[in-house]
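Below: one structure, written as structure tokens.
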Number of protein chains: 2
Amino acid sequence: MHLFNTKNALQTFLESLRKGRKIGFVPTMGALHEGHLSLLKKSLLENDFTVLSIFVNPTQFNNLEDLHNYPRTLENDLKLVREISSNIIVYAPSVEDIYEGKMQSFHYDFDGLEFQMEGKHRPGHFDGVGTIVKKLFEIVLPQNAYFGEKDFQQLQIVKKLVEKHRLNVTIIGCPIHRESNGLAMSSRNERLSEKARKEAAIIFQTLTEAKQFFQTHTVQETTTWVESIFNSNPNFTLEYFTLADEQTLVSIDEKIASQKYRGFIAVFIENIRLIDNLPFY
Amino acid sequence: MHLFNTKNALQTFLESLRKGRKIGFVPTMGALHEGHLSLLKKSLLENDFTVLSIFVNPTQFNNLEDLHNYPRTLENDLKLVREISSNIIVYAPSVEDIYEGKMQSFHYDFDGLEFQMEGKHRPGHFDGVGTIVKKLFEIVLPQNAYFGEKDFQQLQIVKKLVEKHRLNVTIIGCPIHRESNGLAMSSRNERLSEKARKEAAIIFQTLTEAKQFFQTHTVQETTTWVESIFNSNPNFTLEYFTLADEQTLVSIDEKIASQKYRGFIAVFIENIRLIDNLPFY
């Protein structure tokens, strides 16, 4: 029983009850895998309702072929969702429903986060991400939104978006889900041959070994060592490996004990671009 | 799973989820009995949350002695509430919290309902009822509010209040709860001696018999018969017995087949004023 003796206390409490229903939000581009499902499960635990959006957002693709080839598996996605809970609210809009005839990105200033790593290699990508995430937040008005740490830079950029636009949503980063061989789960993994999917284990394996290596070597030595691994394997093309500050994402030249670094990597295999990252502290 | 393909459909659904929490409201003056508890139970079943207010409202008492003697049993009330559910929200304000230094009624036009029966015999009573009920509705903002039919005129007046002021609340009338001898449950029953409480069974018994009597007699004959019952018993003083239209509460002179009548009665015993009513159709 809740006992109130003043109308102010009562009204404050009732207001919180009325407004207190928490909506959790998991924005995705579909082709759901265990990583997405772990976000959904976390949201279901932490909120009264969970909205899952499934939308392959054209404006965040810098490569039309990549957009065209991005897996679209709605029927299977819905089946996976149903297996988790009958209570999930799925939003699977058309491009028209989202962009209403004006399919373009807004331009965002993410305090420099957008110039690092993925931002360098995928021009316009984070303007597209900012545009779609802001649109979806405004549609769903969630209390909590869940993003995987596989796209660590995206996670930091979404946090910056929320901070700079004072959006009323809490961004929750969730650990990377990995296949049994260590490969970070990604919808793009579906496009790999069975052979490549096995071989791709080398990405996480190299990150893990580089973390060890880094304990007794400099930044430059570690980077050179990672590059040598991939350069000696003809099936892989390394796009970048970098050690960067977790908050600013600025690459480091030398170790500073108080800083938190992550190793970030982007690699092509069978023309598919895969990314991964690992804390180096 | 709920699947939406357009943002409009999604937003409409989410809006209903956010706003969909129903608050039920049971306003009382405390000294809770089974009648009140039945209102609480109904509200718990029909709403997400139930607010019980316990407030002996000074402005609806036309008699200061009656106000002074009105039973105040907060500790026991809370105990009864706890036994029903841990989830009830109790609002037990001070006079100051409600009236903020200006303890006065507003004047209401209830389309004539206020001039009948209790309105005639308790000057100012329904202005006090209207004032406190409107104040409480504005504090609690319930979707549903529950009133017992024991105070049938009050129930009709509250419905009129809601209609005339376009308040966004549904008024739900609930059947009279009776003690095993038929006496309508009332906080005032607590003030009767054991002997009087037994004797008071005659009120409901007379109403029931009058209903039978009315089938073969006129309005005037029935009224005279009821008066004779109480006039012949020195322990009772009949204030009024009247047959009135359920909607308008206007007393009838003769039967009209299509109309719904109720018998309404107010009786003093041991200087305690008791009321009751019964459909005569």
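The way I read the labels, and the way they are meant: chains A, B, ... in the order of the structure tokens, residue 1 as the first residue of every chain, and ligand 1 as the first ligand shown, with later ones counted on from there.
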
Discussion item. As a ChimeraX atom specification, could you give me every residue of chain A near chain B (at most 8 Å apart, counting only C-alpha atoms)?
Written reply: /A:1-7,10-11,14,17-19,21,81-82,85-94,97-98,139-140

Worksheet item: DSSP on the backbone: what in range 32-246 of chain B comes out alpha helix (DSSP H), as a VMD selection string?
Response: chain B and resid 34 to 46 64 to 69 74 to 84 95 to 99 117 to 121 125 to 140 152 to 164 194 to 199 201 to 214 219 to 231

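Between CA of Phe230 in chain B and CA of Tyr281 in chain B lies a distance of 23.2 Å.
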
Practice prompt. Excluding Ser105 in chain A and residues on its chain fewer than 2 positions from it, collect all residues at most 8 Å away from it, counting only C-alpha atoms, and give them as a list of chain:residue names.
Written response: A:Thr59, A:Met103, A:His107, A:Asp127, A:Gly128, A:Thr131

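The shortest atom-to-atom distance to Asp109 in chain A, with only C-alpha atoms taken into account, belongs to A:Glu163 out of A:Asp151, A:Glu199, A:Glu163, A:Glu270.
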